[in-house]
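Asks: What follows is the file structure_22.pdb, containing PDB, C-alpha atoms:
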ATOM      1  CA  MET X   1     102.927  95.753 100.778
ATOM      2  CA  SER X   2     106.398  94.701  99.598
ATOM      3  CA  ASP X   3     109.302  94.792 102.013
ATOM      4  CA  ALA X   4     111.844  97.605 101.960
ATOM      5  CA  ALA X   5     115.173  97.262 100.148
ATOM      6  CA  ALA X   6     118.185  98.996 101.687
ATOM      7  CA  GLY X   7     119.951 101.350  99.312
ATOM      8  CA  TRP X   8     117.157 101.129  96.737
ATOM      9  CA  THR X   9     117.376 103.768  93.967
ATOM     10  CA  LEU X  10     115.317 105.252  91.160
ATOM     11  CA  GLU X  11     117.336 103.144  88.738
ATOM     12  CA  ASP X  12     116.251 100.061  90.707
ATOM     13  CA  TRP X  13     112.663 101.276  90.509
ATOM     14  CA  THR X  14     112.693 101.561  86.718
ATOM     15  CA  ARG X  15     114.202  98.079  86.444
ATOM     16  CA  ASP X  16     111.493  96.737  88.761
ATOM     17  CA  VAL X  17     108.745  98.364  86.700
ATOM     18  CA  ARG X  18     110.198  97.036  83.462
ATOM     19  CA  ALA X  19     110.521  93.524  84.922
ATOM     20  CA  PHE X  20     106.966  93.678  86.257
ATOM     21  CA  ALA X  21     105.597  94.748  82.868
ATOM     22  CA  GLU X  22     107.490  91.973  81.104
ATOM     23  CA  SER X  23     106.394  89.314  83.586
ATOM     24  CA  ARG X  24     102.741  90.351  83.153
ATOM     25  CA  GLU X  25     103.123  90.863  79.393
ATOM     26  CA  LEU X  26     101.931  94.464  79.701
ATOM     27  CA  ALA X  27     102.615  96.418  76.526
ATOM     28  CA  ASP X  28     102.372 100.188  76.090
ATOM     29  CA  MET X  29     102.109 100.869  79.803
ATOM     30  CA  ALA X  30     101.725 104.478  80.982
ATOM     31  CA  ALA X  31     102.381 105.882  84.461
ATOM     32  CA  ILE X  32     100.872 108.434  86.810
ATOM     33  CA  GLY X  33     102.952 109.984  89.590
ATOM     34  CA  TYR X  34     101.021 111.839  92.286
ATOM     35  CA  SER X  35     102.781 114.174  94.733
ATOM     36  CA  ILE X  36     106.073 112.542  95.751
ATOM     37  CA  GLY X  37     105.443 109.928  93.055
ATOM     38  CA  ALA X  38     106.452 112.446  90.359
ATOM     39  CA  PRO X  39     110.153 111.489  90.119
ATOM     40  CA  PHE X  40     109.221 107.806  90.027
ATOM     41  CA  ALA X  41     106.903 108.276  87.051
ATOM     42  CA  LEU X  42     109.384 110.556  85.297
ATOM     43  CA  ALA X  43     112.251 108.115  85.907
ATOM     44  CA  CYS X  44     110.231 105.460  84.090
ATOM     45  CA  ALA X  45     109.576 107.903  81.256
ATOM     46  CA  ALA X  46     113.262 108.782  80.999
ATOM     47  CA  ALA X  47     114.243 105.105  80.936
ATOM     48  CA  GLY X  48     111.657 104.229  78.300
ATOM     49  CA  ALA X  49     109.917 101.856  80.678
ATOM     50  CA  VAL X  50     106.545 103.506  79.906
ATOM     51  CA  VAL X  51     105.036 105.084  76.801
ATOM     52  CA  GLY X  52     103.936 108.222  78.636
ATOM     53  CA  ALA X  53     103.454 109.730  82.074
ATOM     54  CA  SER X  54     101.285 112.146  83.995
ATOM     55  CA  VAL X  55     102.573 114.113  86.967
ATOM     56  CA  VAL X  56      99.690 115.190  89.199
ATOM     57  CA  SER X  57     100.316 117.770  91.946
ATOM     58  CA  GLY X  58     103.855 116.482  91.803
ATOM     59  CA  THR X  59     107.053 117.439  93.543
ATOM     60  CA  ASP X  60     109.789 118.928  91.387
ATOM     61  CA  GLU X  61     113.518 118.182  91.656
ATOM     62  CA  LEU X  62     113.743 120.202  94.857
ATOM     63  CA  ALA X  63     117.462 119.464  95.251
ATOM     64  CA  HIS X  64     118.158 121.293  91.977
ATOM     65  CA  PRO X  65     120.143 124.543  92.400
ATOM     66  CA  MET X  66     117.347 126.526  90.707
ATOM     67  CA  PHE X  67     115.263 126.195  93.874
ATOM     68  CA  GLU X  68     117.941 127.481  96.229
ATOM     69  CA  GLY X  69     116.372 130.103  98.488
ATOM     70  CA  VAL X  70     112.781 129.710  97.238
ATOM     71  CA  LEU X  71     111.632 126.652  99.181
ATOM     72  CA  GLU X  72     109.549 126.832 102.330
ATOM     73  CA  PRO X  73     111.710 126.474 105.480
ATOM     74  CA  GLU X  74     110.544 122.943 106.359
ATOM     75  CA  VAL X  75     111.106 121.771 102.783
ATOM     76  CA  SER X  76     114.519 123.420 102.571
ATOM     77  CA  MET X  77     115.492 121.782 105.863
ATOM     78  CA  LEU X  78     114.573 118.321 104.566
ATOM     79  CA  VAL X  79     116.438 118.836 101.292
ATOM     80  CA  ARG X  80     119.550 119.980 103.182
ATOM     81  CA  ARG X  81     119.296 117.101 105.640
ATOM     82  CA  VAL X  82     119.088 114.573 102.800
ATOM     83  CA  ALA X  83     122.052 116.199 101.055
ATOM     84  CA  ASP X  84     124.200 116.360 104.199
ATOM     85  CA  ASP X  85     123.510 112.879 105.569
ATOM     86  CA  PRO X  86     121.017 110.747 103.609
ATOM     87  CA  ALA X  87     121.377 107.781 105.972
ATOM     88  CA  LEU X  88     120.502 109.916 108.993
ATOM     89  CA  ALA X  89     117.622 111.571 107.141
ATOM     90  CA  GLU X  90     116.260 108.155 106.240
ATOM     91  CA  LYS X  91     116.564 106.983 109.843
ATOM     92  CA  LEU X  92     114.753 110.055 111.174
ATOM     93  CA  LEU X  93     111.951 109.748 108.603
ATOM     94  CA  ALA X  94     111.451 106.097 109.513
ATOM     95  CA  HIS X  95     111.317 106.995 113.201
ATOM     96  CA  GLN X  96     108.913 109.907 112.764
ATOM     97  CA  THR X  97     106.423 108.636 110.169
ATOM     98  CA  ASP X  98     103.591 106.114 110.175
ATOM     99  CA  ALA X  99     100.262 105.828 108.365
ATOM    100  CA  GLU X 100      98.419 108.113 110.781
ATOM    101  CA  THR X 101     101.143 110.766 110.740
ATOM    102  CA  LEU X 102     101.187 110.809 106.950
ATOM    103  CA  TRP X 103      97.404 111.122 106.868
ATOM    104  CA  GLU X 104      97.611 114.145 109.165
ATOM    105  CA  VAL X 105     100.304 115.765 107.001
ATOM    106  CA  VAL X 106      98.319 115.258 103.790
ATOM    107  CA  THR X 107      95.046 116.590 105.164
ATOM    108  CA  ALA X 108      96.708 119.561 106.866
ATOM    109  CA  THR X 109      98.266 120.888 103.654
ATOM    110  CA  GLY X 110      95.085 120.886 101.568
ATOM    111  CA  ASN X 111      92.692 123.777 101.032
ATOM    112  CA  SER X 112      88.973 123.822 101.848
ATOM    113  CA  ALA X 113      88.065 121.930  98.642
ATOM    114  CA  ASP X 114      90.590 119.212  99.491
ATOM    115  CA  ARG X 115      89.360 118.931 103.064
ATOM    116  CA  ARG X 116      85.822 118.259 101.836
ATOM    117  CA  ILE X 117      87.168 115.325  99.835
ATOM    118  CA  TYR X 118      89.268 114.000 102.714
ATOM    119  CA  ALA X 119      86.254 114.233 105.047
ATOM    120  CA  ASP X 120      84.050 112.107 102.793
ATOM    121  CA  PRO X 121      83.537 108.810 104.686
ATOM    122  CA  ALA X 122      84.076 106.599 101.621
ATOM    123  CA  PHE X 123      87.263 108.421 100.614
ATOM    124  CA  ASP X 124      88.511 108.493 104.194
ATOM    125  CA  ALA X 125      88.110 104.731 104.545
ATOM    126  CA  ALA X 126      89.752 103.941 101.195
ATOM    127  CA  TYR X 127      92.680 106.301 101.708
ATOM    128  CA  ARG X 128      93.360 105.162 105.257
ATOM    129  CA  ARG X 129      93.257 101.545 104.086
ATOM    130  CA  ALA X 130      95.798 102.334 101.353
ATOM    131  CA  LEU X 131      98.106 104.094 103.813
ATOM    132  CA  THR X 132      97.835 101.210 106.296
ATOM    133  CA  GLU X 133      98.797  98.746 103.561
ATOM    134  CA  GLY X 134     101.661 100.999 102.523
ATOM    135  CA  PHE X 135     103.106 100.887 106.045
ATOM    136  CA  SER X 136     102.271  97.225 106.699
ATOM    137  CA  GLN X 137     105.970  96.298 106.462
ATOM    138  CA  GLY X 138     106.965  99.272 108.593
ATOM    139  CA  PRO X 139     108.138 102.798 107.697
ATOM    140  CA  ALA X 140     111.494 101.910 106.080
ATOM    141  CA  GLY X 141     110.117 101.833 102.544
ATOM    142  CA  TYR X 142     108.477 105.241 102.882
ATOM    143  CA  ALA X 143     111.632 106.705 104.393
ATOM    144  CA  ARG X 144     113.799 105.367 101.587
ATOM    145  CA  GLU X 145     111.434 106.619  98.879
ATOM    146  CA  THR X 146     111.320 110.082 100.449
ATOM    147  CA  VAL X 147     115.119 110.332 100.555
ATOM    148  CA  VAL X 148     115.298 109.196  96.928
ATOM    149  CA  ALA X 149     112.697 111.768  95.853
ATOM    150  CA  PHE X 150     114.426 114.666  97.611
ATOM    151  CA  SER X 151     117.879 113.808  96.302
ATOM    152  CA  PRO X 152     119.165 114.998  92.913
ATOM    153  CA  TRP X 153     117.402 113.011  90.213
ATOM    154  CA  PRO X 154     119.666 110.502  88.408
ATOM    155  CA  PHE X 155     118.116 111.296  85.032
ATOM    156  CA  GLU X 156     117.912 114.412  82.899
ATOM    157  CA  PRO X 157     114.304 115.540  82.326
ATOM    158  CA  SER X 158     115.305 117.151  79.031
ATOM    159  CA  LYS X 159     116.072 113.670  77.664
ATOM    160  CA  ILE X 160     112.491 112.450  78.128
ATOM    161  CA  THR X 161     110.917 111.897  74.715
ATOM    162  CA  VAL X 162     107.611 110.206  75.584
ATOM    163  CA  PRO X 163     104.497 112.367  76.159
ATOM    164  CA  VAL X 164     104.249 113.894  79.633
ATOM    165  CA  ASP X 165     101.253 115.680  81.153
ATOM    166  CA  LEU X 166     101.845 118.003  84.109
ATOM    167  CA  TRP X 167      98.739 118.719  86.181
ATOM    168  CA  TYR X 168      98.729 121.437  88.845
ATOM    169  CA  SER X 169      96.207 123.594  90.641
ATOM    170  CA  GLU X 170      96.638 127.300  91.271
ATOM    171  CA  GLN X 171      95.292 126.561  94.759
ATOM    172  CA  ASP X 172      97.901 123.916  95.585
ATOM    173  CA  THR X 173      99.131 124.829  99.076
ATOM    174  CA  ASN X 174     101.406 121.837  99.668
ATOM    175  CA  PRO X 175     104.973 123.198 100.106
ATOM    176  CA  PHE X 176     106.506 119.859  99.078
ATOM    177  CA  HIS X 177     105.097 120.074  95.573
ATOM    178  CA  SER X 178     106.519 122.159  92.728
ATOM    179  CA  PRO X 179     107.291 125.713  93.932
ATOM    180  CA  ASP X 180     106.269 127.105  90.530
ATOM    181  CA  LEU X 181     103.411 124.653  89.886
ATOM    182  CA  GLY X 182     105.219 122.735  87.181
ATOM    183  CA  ALA X 183     106.533 125.664  85.128
ATOM    184  CA  SER X 184     110.184 124.655  85.465
ATOM    185  CA  LEU X 185     109.362 121.003  84.760
ATOM    186  CA  ALA X 186     107.487 122.007  81.622
ATOM    187  CA  ALA X 187     110.502 124.015  80.481
ATOM    188  CA  ARG X 188     112.876 121.105  81.133
ATOM    189  CA  ILE X 189     110.788 118.396  79.433
ATOM    190  CA  PRO X 190     110.320 119.018  75.682
ATOM    191  CA  ALA X 191     107.505 116.471  75.469
ATOM    192  CA  ALA X 192     105.575 117.977  78.405
ATOM    193  CA  ARG X 193     102.190 119.639  78.305
ATOM    194  CA  ARG X 194     101.293 121.667  81.410
ATOM    195  CA  HIS X 195      97.745 121.966  82.698
ATOM    196  CA  LEU X 196      97.202 124.648  85.354
ATOM    197  CA  LEU X 197      93.700 124.563  86.796
ATOM    198  CA  ALA X 198      92.159 127.471  88.663
ATOM    199  CA  ASP X 199      89.161 125.675  90.127
ATOM    200  CA  ALA X 200      90.747 122.722  91.948
ATOM    201  CA  GLY X 201      92.847 121.932  94.983
ATOM    202  CA  THR X 202      95.753 119.605  95.597
ATOM    203  CA  ALA X 203      93.642 116.453  95.299
ATOM    204  CA  LEU X 204      93.474 116.606  91.485
ATOM    205  CA  LEU X 205      94.098 112.895  91.131
ATOM    206  CA  TRP X 206      90.652 112.177  92.515
ATOM    207  CA  THR X 207      88.659 115.262  91.544
ATOM    208  CA  ARG X 208      89.889 115.339  87.929
ATOM    209  CA  ALA X 209      90.711 111.663  87.420
ATOM    210  CA  HIS X 210      88.627 111.246  84.264
ATOM    211  CA  ARG X 211      90.210 114.238  82.536
ATOM    212  CA  ILE X 212      93.730 113.201  83.581
ATOM    213  CA  LEU X 213      93.300 109.647  82.340
ATOM    214  CA  ARG X 214      91.659 110.652  79.070
ATOM    215  CA  SER X 215      94.483 113.048  78.287
ATOM    216  CA  LEU X 216      97.210 110.499  79.075
ATOM    217  CA  LEU X 217      95.543 107.702  77.139
ATOM    218  CA  GLY X 218      94.874 110.009  74.222
ATOM    219  CA  ARG X 219      98.479 111.167  74.022
ATOM    220  CA  THR X 220      99.907 107.645  74.294
ATOM    221  CA  SER X 221      97.222 105.806  72.282
ATOM    222  CA  THR X 222      97.129 103.301  75.141
ATOM    223  CA  SER X 223      93.948 101.256  75.485
TER     224      SER X 223
END
Let's see the structure in the file written out as structure tokens.

Replies:
Amino acid sequence: MSDAAAGWTLEDWTRDVRAFAESRELADMAAIGYSIGAPFALACAAAGAVVGASVVSGTDELAHPMFEGVLEPEVSMLVRRVADDPALAEKLLAHQTDAETLWEVVTATGNSADRRIYADPAFDAAYRRALTEGFSQGPAGYARETVVAFSPWPFEPSKITVPVDLWYSEQDTNPFHSPDLGASLAARIPAARRHLLADAGTALLWTRAHRILRSLLGRTSTS
């Protein structure tokens, strides 16, 4: 529910996380990045702001040259738009997106297993409440974060030394996630361990939460 900050970057994010942890006296903090949250969790890992990270159904560095020509058309268009004119892309995203629109996008890109989760009344209420809170200060924060995520990452994944778990489903149908389901990320991050599940959809964060948390806590010895 915080207000948006113009020009905010991933470097700013890692400083904010570090300052938050210090102000709350939180030691050995780990991070989970779901979907577009992947670069934010990995930025913290690269900066040493956390002792480990899990990427769950996460987007890759889609602006990286390795993905030239392999992205879905709508994803490629967004990446090009951000590269050509990030300010305009941010303005358009802010104009086009609100909590309800984002809900529709998320639920439309899931498979049948995901849709059963999204249709559960308790989950629906909790998720919609979270999205409403996320947009309570308007869409500028979401727009800025999206532009940041789809720009070249300002850190080198190969420099990450803390443990990283990469969780993907073979049935992930969201075109904004990793085109190769985390294979390239696993190759770029020496400390990464990739988990590719055959019996799950995009919504791994909720359907496999216990397994994801146990693995991250076990690898980081965080209690």

Asks: As a PyMOL selection string, please: the residues near Ile189 of chain X (cut-off 10 Å, all atoms listed in the file, same-chain neighbours under 5 positions excluded).

Replies: chain X and resi 42+156-164+184

Asks: Which value, in Å to one decimal, gives the distance between atom CA of Glu22 of chain X and atom CA of Thr146 of chain X?

Replies: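 Atom CA of Thr146 of chain X lies 26.8 Å from atom CA of Glu22 of chain X.
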
Asks: Which residues match the PyMOL selection byres ((chain X and resi 50) around 8) in the file above, as a ChimeraX atom specification?

Replies: /X:28-31,44-45,47-49,51-53

Asks: For each of X:Ile36, X:Val17, X:Leu131, X:Leu78, take the minimum atom-to-atom distance to Glu100 of chain X, counting all atoms listed in the file, then give the residue where this is smallest.

Replies: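 The answer is X:Leu131, which sits nearest to Glu100 of chain X.
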
Asks: Which residues, named as in the file, does the PyMOL selection byres ((chain X and resi 106) around 12) pick out? Answer as JSON, numbers by chain.

Replies: {"X": [35, 36, 99, 100, 101, 102, 103, 104, 105, 107, 108, 109, 110, 111, 114, 115, 117, 118, 124, 127, 128, 131, 172, 173, 174, 175, 176, 177, 202, 203]}

Asks: Between atom CA of Pro139 of chain X and atom CA of Asp85 of chain X, measure the distance and give it in Å to one decimal.

Replies: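 Computed distance, atom CA of Pro139 of chain X to atom CA of Asp85 of chain X, equals 18.5 Å.
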
Asks: Using all atoms listed in the file, find the one residue out of X:Pro86, X:Pro154, X:Gly58, X:Gly37 that sits nearest to Thr9 of chain X.

Replies: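 Using all atoms listed in the file, Thr9 of chain X sits closest to X:Pro154.
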
Asks: Any idea what the distance is between atom CA of Arg80 of chain X and atom CA of Ala149 of chain X?

Replies: 13.0 Å

Asks: For the provided coordinates, the residues matched by the PyMOL selection byres ((chain X and resi 134) around 12) should be stated as a ChimeraX atom specification.

Replies: /X:1-4,97-100,102-103,127-133,135-143,145

Asks: Which is closest to Arg219 of chain X among X:Gln96, X:Ser169, X:Ser151, X:Ser54, if we use all atoms listed in the file?

Replies: X:Ser54
